[in-house]
$ cat query-v8.cif   # mmCIF, N, CA and C atoms
data_structure
loop_
_atom_site.label_atom_id
_atom_site.label_comp_id
_atom_site.auth_asym_id
_atom_site.auth_seq_id
_atom_site.Cartn_x
_atom_site.Cartn_y
_atom_site.Cartn_z
N MET A 1 0.84 -1.18 0.00
CA MET A 1 0.00 0.00 0.00
C MET A 1 0.89 1.23 0.00
N ALA A 2 0.57 2.20 -0.83
CA ALA A 2 1.38 3.41 -0.94
C ALA A 2 1.12 4.34 0.24
N PRO A 3 2.13 5.11 0.64
CA PRO A 3 1.92 6.06 1.72
C PRO A 3 0.93 7.14 1.29
N ALA A 4 0.24 7.69 2.28
CA ALA A 4 -0.76 8.72 2.00
C ALA A 4 -0.08 9.98 1.50
N GLU A 5 -0.69 10.58 0.52
CA GLU A 5 -0.21 11.83 -0.03
C GLU A 5 -0.93 12.98 0.66
N PRO A 6 -0.31 14.15 0.74
CA PRO A 6 -1.02 15.30 1.30
C PRO A 6 -2.31 15.55 0.52
N GLY A 7 -3.38 15.75 1.24
CA GLY A 7 -4.67 16.00 0.61
C GLY A 7 -5.51 14.76 0.44
N ASP A 8 -4.89 13.56 0.61
CA ASP A 8 -5.67 12.32 0.53
C ASP A 8 -6.60 12.24 1.72
N LYS A 9 -7.77 11.68 1.49
CA LYS A 9 -8.71 11.48 2.59
C LYS A 9 -8.28 10.28 3.40
N GLY A 10 -8.23 10.45 4.69
CA GLY A 10 -7.88 9.36 5.58
C GLY A 10 -9.12 8.82 6.24
N PRO A 11 -8.97 7.82 7.11
CA PRO A 11 -10.12 7.27 7.82
C PRO A 11 -10.81 8.36 8.64
N GLY A 12 -12.08 8.44 8.51
CA GLY A 12 -12.85 9.42 9.28
C GLY A 12 -12.89 10.80 8.65
N ASP A 13 -12.15 11.04 7.59
CA ASP A 13 -12.16 12.33 6.93
C ASP A 13 -13.40 12.39 6.06
N THR A 14 -14.31 13.27 6.42
CA THR A 14 -15.59 13.30 5.71
C THR A 14 -15.69 14.40 4.68
N GLY A 15 -14.67 15.16 4.51
CA GLY A 15 -14.77 16.18 3.50
C GLY A 15 -13.80 17.31 3.73
N PRO A 16 -13.91 18.35 2.90
CA PRO A 16 -12.98 19.45 2.99
C PRO A 16 -13.11 20.17 4.32
N GLY A 17 -11.99 20.62 4.82
CA GLY A 17 -12.00 21.40 6.05
C GLY A 17 -11.94 20.57 7.31
N ASN A 18 -11.92 19.25 7.20
CA ASN A 18 -11.85 18.41 8.39
C ASN A 18 -10.48 18.57 9.01
N THR A 19 -10.42 18.96 10.28
CA THR A 19 -9.15 19.19 10.93
C THR A 19 -8.83 18.14 11.96
N GLY A 20 -9.62 17.10 12.08
CA GLY A 20 -9.31 16.03 13.01
C GLY A 20 -10.45 15.72 13.94
N PRO A 21 -10.16 14.94 14.99
CA PRO A 21 -11.20 14.46 15.88
C PRO A 21 -12.00 15.56 16.58
N GLY A 22 -11.38 16.70 16.84
CA GLY A 22 -12.09 17.76 17.55
C GLY A 22 -12.98 18.60 16.67
N ASN A 23 -12.96 18.37 15.38
CA ASN A 23 -13.75 19.16 14.45
C ASN A 23 -15.22 18.79 14.54
N THR A 24 -16.07 19.79 14.69
CA THR A 24 -17.51 19.53 14.76
C THR A 24 -18.13 19.48 13.38
N GLY A 25 -17.38 19.91 12.36
CA GLY A 25 -17.93 19.93 11.02
C GLY A 25 -18.87 21.08 10.79
N ALA A 26 -19.01 21.95 11.79
CA ALA A 26 -20.00 23.00 11.70
C ALA A 26 -19.52 24.21 10.93
N GLY A 27 -18.25 24.48 10.91
CA GLY A 27 -17.74 25.68 10.28
C GLY A 27 -18.04 25.77 8.80
N ALA A 28 -17.86 24.71 8.08
CA ALA A 28 -18.05 24.73 6.63
C ALA A 28 -19.51 24.69 6.23
N THR A 29 -20.38 24.25 7.12
CA THR A 29 -21.78 24.08 6.75
C THR A 29 -22.69 25.17 7.29
N GLY A 30 -22.16 26.10 8.05
CA GLY A 30 -22.97 27.20 8.55
C GLY A 30 -23.80 26.87 9.76
N ARG A 31 -23.50 25.81 10.46
CA ARG A 31 -24.28 25.46 11.63
C ARG A 31 -23.78 26.16 12.89
N VAL A 32 -22.76 27.00 12.75
CA VAL A 32 -22.25 27.77 13.87
C VAL A 32 -22.47 29.23 13.55
N GLY A 33 -23.04 29.97 14.49
CA GLY A 33 -23.28 31.38 14.28
C GLY A 33 -21.99 32.17 14.35
N SER A 34 -22.07 33.45 14.05
CA SER A 34 -20.88 34.30 14.04
C SER A 34 -20.26 34.41 15.42
N SER A 35 -21.03 34.13 16.47
CA SER A 35 -20.50 34.18 17.83
C SER A 35 -19.80 32.89 18.22
N GLY A 36 -19.79 31.90 17.33
CA GLY A 36 -19.15 30.63 17.63
C GLY A 36 -20.06 29.64 18.33
N ILE A 37 -21.33 29.96 18.47
CA ILE A 37 -22.29 29.08 19.12
C ILE A 37 -22.89 28.13 18.09
N ALA A 38 -22.89 26.84 18.40
CA ALA A 38 -23.45 25.85 17.49
C ALA A 38 -24.97 25.88 17.55
N PHE A 39 -25.61 25.90 16.40
CA PHE A 39 -27.06 25.89 16.29
C PHE A 39 -27.51 24.54 15.76
N ARG A 40 -28.68 24.10 16.20
CA ARG A 40 -29.30 22.88 15.72
C ARG A 40 -30.76 23.18 15.41
N THR A 41 -31.37 22.33 14.59
CA THR A 41 -32.76 22.52 14.20
C THR A 41 -33.64 21.54 14.95
N CYS A 42 -34.70 22.04 15.56
CA CYS A 42 -35.68 21.21 16.27
C CYS A 42 -36.47 20.42 15.24
N ILE A 43 -36.59 19.10 15.44
CA ILE A 43 -37.35 18.29 14.49
C ILE A 43 -38.85 18.46 14.65
N GLY A 44 -39.28 19.12 15.73
CA GLY A 44 -40.71 19.34 15.94
C GLY A 44 -41.21 20.61 15.28
N CYS A 45 -40.51 21.73 15.52
CA CYS A 45 -40.97 23.02 14.99
C CYS A 45 -40.09 23.57 13.87
N ARG A 46 -38.96 22.92 13.60
CA ARG A 46 -38.00 23.31 12.57
C ARG A 46 -37.31 24.64 12.85
N LYS A 47 -37.38 25.14 14.08
CA LYS A 47 -36.72 26.39 14.45
C LYS A 47 -35.28 26.08 14.84
N ARG A 48 -34.36 26.95 14.41
CA ARG A 48 -32.94 26.80 14.77
C ARG A 48 -32.65 27.57 16.05
N ASP A 49 -31.99 26.89 16.98
CA ASP A 49 -31.62 27.50 18.25
C ASP A 49 -30.26 26.98 18.68
N PRO A 50 -29.62 27.66 19.64
CA PRO A 50 -28.36 27.12 20.17
C PRO A 50 -28.58 25.72 20.72
N ARG A 51 -27.61 24.86 20.51
CA ARG A 51 -27.77 23.45 20.89
C ARG A 51 -28.07 23.26 22.36
N GLY A 52 -27.68 24.20 23.21
CA GLY A 52 -27.95 24.09 24.64
C GLY A 52 -29.42 24.22 24.99
N SER A 53 -30.23 24.75 24.09
CA SER A 53 -31.65 24.91 24.36
C SER A 53 -32.49 23.76 23.82
N LEU A 54 -31.85 22.76 23.23
CA LEU A 54 -32.55 21.60 22.70
C LEU A 54 -32.04 20.33 23.36
N LEU A 55 -32.85 19.29 23.31
CA LEU A 55 -32.47 17.98 23.83
C LEU A 55 -32.11 17.09 22.64
N ARG A 56 -31.06 16.32 22.80
CA ARG A 56 -30.68 15.39 21.73
C ARG A 56 -30.99 13.98 22.17
N VAL A 57 -31.56 13.22 21.26
CA VAL A 57 -31.72 11.78 21.46
C VAL A 57 -30.91 11.11 20.37
N VAL A 58 -30.37 9.96 20.70
CA VAL A 58 -29.49 9.27 19.79
C VAL A 58 -29.94 7.82 19.65
N LEU A 59 -29.76 7.28 18.48
CA LEU A 59 -30.11 5.89 18.21
C LEU A 59 -28.83 5.08 18.20
N ARG A 60 -28.71 4.16 19.14
CA ARG A 60 -27.55 3.29 19.22
C ARG A 60 -28.01 1.85 19.32
N ASP A 61 -27.56 1.05 18.40
CA ASP A 61 -27.92 -0.37 18.38
C ASP A 61 -29.43 -0.58 18.42
N GLY A 62 -30.17 0.29 17.76
CA GLY A 62 -31.62 0.16 17.70
C GLY A 62 -32.36 0.66 18.92
N LEU A 63 -31.64 1.22 19.90
CA LEU A 63 -32.27 1.73 21.13
C LEU A 63 -32.13 3.24 21.19
N LEU A 64 -33.19 3.90 21.63
CA LEU A 64 -33.16 5.34 21.82
C LEU A 64 -32.54 5.68 23.17
N CYS A 65 -31.65 6.64 23.17
CA CYS A 65 -31.02 7.09 24.40
C CYS A 65 -31.07 8.61 24.44
N VAL A 66 -31.29 9.16 25.62
CA VAL A 66 -31.22 10.60 25.81
C VAL A 66 -29.75 10.98 25.88
N ASP A 67 -29.38 12.04 25.20
CA ASP A 67 -28.00 12.52 25.18
C ASP A 67 -27.99 13.98 25.61
N PRO A 68 -28.09 14.24 26.93
CA PRO A 68 -28.19 15.63 27.40
C PRO A 68 -26.98 16.50 27.06
N GLN A 69 -25.80 15.92 26.98
CA GLN A 69 -24.60 16.69 26.64
C GLN A 69 -24.42 16.84 25.13
N GLY A 70 -25.14 16.04 24.34
CA GLY A 70 -25.05 16.13 22.89
C GLY A 70 -23.74 15.63 22.32
N VAL A 71 -23.13 14.64 22.96
CA VAL A 71 -21.82 14.18 22.52
C VAL A 71 -21.77 12.68 22.22
N GLU A 72 -22.82 11.95 22.47
CA GLU A 72 -22.81 10.51 22.27
C GLU A 72 -22.69 10.17 20.80
N PRO A 73 -22.00 9.08 20.48
CA PRO A 73 -21.91 8.66 19.08
C PRO A 73 -23.24 8.10 18.59
N GLY A 74 -23.42 8.13 17.31
CA GLY A 74 -24.64 7.59 16.73
C GLY A 74 -25.49 8.68 16.11
N ARG A 75 -26.45 8.27 15.33
CA ARG A 75 -27.34 9.21 14.66
C ARG A 75 -28.24 9.86 15.70
N GLY A 76 -28.32 11.16 15.69
CA GLY A 76 -29.11 11.86 16.69
C GLY A 76 -30.11 12.81 16.09
N ALA A 77 -31.04 13.25 16.93
CA ALA A 77 -32.04 14.24 16.54
C ALA A 77 -32.22 15.20 17.71
N TRP A 78 -32.48 16.45 17.41
CA TRP A 78 -32.59 17.51 18.42
C TRP A 78 -34.02 18.04 18.45
N PHE A 79 -34.51 18.36 19.66
CA PHE A 79 -35.83 19.00 19.77
C PHE A 79 -35.95 19.78 21.07
N HIS A 80 -36.84 20.78 21.04
CA HIS A 80 -37.18 21.54 22.25
C HIS A 80 -38.05 20.67 23.13
N LEU A 81 -37.95 20.82 24.43
CA LEU A 81 -38.80 20.05 25.34
C LEU A 81 -40.28 20.35 25.08
N GLU A 82 -40.60 21.59 24.75
CA GLU A 82 -42.00 21.94 24.50
C GLU A 82 -42.51 21.38 23.17
N CYS A 83 -41.62 20.91 22.32
CA CYS A 83 -42.00 20.30 21.04
C CYS A 83 -41.94 18.78 21.10
N ALA A 84 -41.85 18.22 22.28
CA ALA A 84 -41.57 16.78 22.43
C ALA A 84 -42.60 15.90 21.74
N GLU A 85 -43.88 16.14 21.95
CA GLU A 85 -44.89 15.24 21.37
C GLU A 85 -44.82 15.23 19.85
N ARG A 86 -44.73 16.40 19.26
CA ARG A 86 -44.64 16.49 17.80
C ARG A 86 -43.33 15.85 17.32
N SER A 87 -42.27 16.07 18.07
CA SER A 87 -40.96 15.53 17.69
C SER A 87 -40.93 14.01 17.75
N LEU A 88 -41.57 13.43 18.75
CA LEU A 88 -41.54 11.98 18.90
C LEU A 88 -42.23 11.29 17.72
N ARG A 89 -43.26 11.94 17.16
CA ARG A 89 -43.93 11.36 16.00
C ARG A 89 -42.99 11.30 14.79
N GLY A 90 -42.12 12.30 14.65
CA GLY A 90 -41.21 12.35 13.51
C GLY A 90 -39.85 11.74 13.77
N LEU A 91 -39.66 11.18 14.94
CA LEU A 91 -38.35 10.66 15.32
C LEU A 91 -37.82 9.55 14.41
N PRO A 92 -38.62 8.55 14.03
CA PRO A 92 -38.07 7.51 13.14
C PRO A 92 -37.51 8.08 11.83
N ALA A 93 -38.21 9.03 11.26
CA ALA A 93 -37.73 9.63 10.00
C ALA A 93 -36.46 10.44 10.23
N ALA A 94 -36.43 11.20 11.32
CA ALA A 94 -35.25 12.02 11.61
C ALA A 94 -34.02 11.16 11.86
N LEU A 95 -34.23 10.00 12.43
CA LEU A 95 -33.12 9.10 12.72
C LEU A 95 -32.86 8.11 11.59
N ARG A 96 -33.65 8.22 10.52
CA ARG A 96 -33.56 7.32 9.36
C ARG A 96 -33.70 5.86 9.79
N TRP A 97 -34.70 5.62 10.60
CA TRP A 97 -34.96 4.29 11.14
C TRP A 97 -36.24 3.75 10.54
N ARG A 98 -36.17 2.56 10.00
CA ARG A 98 -37.37 1.92 9.45
C ARG A 98 -37.87 0.94 10.49
N GLY A 99 -39.12 1.07 10.81
CA GLY A 99 -39.70 0.18 11.81
C GLY A 99 -40.09 0.95 13.06
N ALA A 100 -40.53 0.20 14.04
CA ALA A 100 -41.01 0.80 15.28
C ALA A 100 -39.84 1.12 16.20
N LEU A 101 -39.98 2.22 16.92
CA LEU A 101 -39.00 2.60 17.94
C LEU A 101 -39.68 2.55 19.30
N ASP A 102 -38.97 2.08 20.30
CA ASP A 102 -39.49 2.08 21.66
C ASP A 102 -39.25 3.47 22.24
N LEU A 103 -40.31 4.25 22.37
CA LEU A 103 -40.20 5.62 22.86
C LEU A 103 -40.26 5.71 24.38
N ALA A 104 -40.42 4.58 25.06
CA ALA A 104 -40.56 4.58 26.52
C ALA A 104 -39.41 5.28 27.24
N PRO A 105 -38.14 5.04 26.87
CA PRO A 105 -37.06 5.73 27.59
C PRO A 105 -37.13 7.25 27.46
N ILE A 106 -37.52 7.71 26.30
CA ILE A 106 -37.61 9.16 26.07
C ILE A 106 -38.80 9.73 26.83
N ARG A 107 -39.94 9.04 26.77
CA ARG A 107 -41.12 9.50 27.51
C ARG A 107 -40.85 9.53 29.01
N ALA A 108 -40.12 8.55 29.53
CA ALA A 108 -39.78 8.52 30.96
C ALA A 108 -38.89 9.71 31.31
N PHE A 109 -37.90 9.99 30.48
CA PHE A 109 -37.03 11.14 30.72
C PHE A 109 -37.83 12.44 30.70
N LEU A 110 -38.73 12.57 29.72
CA LEU A 110 -39.54 13.79 29.62
C LEU A 110 -40.46 13.95 30.82
N ALA A 111 -40.99 12.84 31.34
CA ALA A 111 -41.85 12.90 32.53
C ALA A 111 -41.06 13.37 33.74
N ILE A 112 -39.84 12.90 33.88
CA ILE A 112 -38.98 13.32 34.99
C ILE A 112 -38.65 14.79 34.85
N GLU A 113 -38.30 15.23 33.65
CA GLU A 113 -38.00 16.65 33.41
C GLU A 113 -39.21 17.52 33.74
N HIS A 114 -40.40 17.08 33.33
CA HIS A 114 -41.63 17.83 33.59
C HIS A 114 -41.90 17.92 35.08
N ASP A 115 -41.70 16.83 35.81
CA ASP A 115 -41.94 16.81 37.26
C ASP A 115 -40.98 17.69 38.04
N GLN A 116 -39.77 17.89 37.50
CA GLN A 116 -38.76 18.70 38.18
C GLN A 116 -39.03 20.19 38.03
N LYS A 117 -39.89 20.57 37.09
CA LYS A 117 -40.17 22.00 36.87
C LYS A 117 -41.28 22.50 37.72
#
$ encode --input "query-v8.cif" --output "C-alpha cells"
Amino acid sequence: MAPAEPGDKGPGDTGPGNTGPGNTGAGATGRVGSSGIAFRTCIGCRKRDPRGSLLRVVLRDGLLCVDPQGVEPGRGAWFHLECAERSLRGLPAALRWRGALDLAPIRAFLAIEHDQK
C-alpha cells in the first residue's frame, strides 16, 4: 500500500475542512453562528436555536437514548422540550430508522424533566 499523499482522505475524513477528531464539522456548513455558538434545528418546529436549548436523542444499536450533553456517538435528533410530542412522531424519520421505535425511555425522561419544573 502506498503512503498517504497530502490532501488524501484518511479514515474518518468526511470532506474538505476536516481538521481532526475535535472538528464539529459545523464551520463549513454554517451550523455555527458568528459568535461561535453551534445551532441545531428542532425536528418538531424546525426552528434553529443554540444546541444548549434543545435535547438530543441518539439511536444506538436500535435503542433510543437521551444525550443531554449532545456528545454521544450515533445518529441523533434535536428537539425543544415543548415540542416533544410532535418531535416523537417524527423521530423515526429524523433518525432514518425503518420500523417501530421504543419511545418509553424518552417519555420517561420527559416525565422526569416535567416533574422537576
$ closest_residue --input "query-v8.cif" --among "A:Ser35, A:Val71, A:Arg89, A:Trp78" --to "A:Leu54" --atoms "only C-alpha atoms"
A:Trp78
$ resolve_selection --input "query-v8.cif" --expression "the PyMOL selection byres (((chain A and resi 85 and name CA) around 12) and name CA)" --output "list in words"
Ile43, Gly44, Cys45, Phe79, His80, Leu81, Glu82, Cys83, Ala84, Arg86, Ser87, Leu88, Arg89, Gly90, Leu91, Leu103, Ile106, Arg107, Leu110 and Ala111 of chain A
$ atom_distance --input "query-v8.cif" --atom1 "atom N of A:Ser34" --atom2 "atom C of A:Val66"
26.5 Å
$ atom_distance --input "query-v8.cif" --atom1 "atom CA of A:Cys65" --atom2 "atom CA of A:Asp102"
10.2 Å
$ atom_distance --input "query-v8.cif" --atom1 "atom CA of A:Gly76" --atom2 "atom CA of A:Val57"
5.4 Å
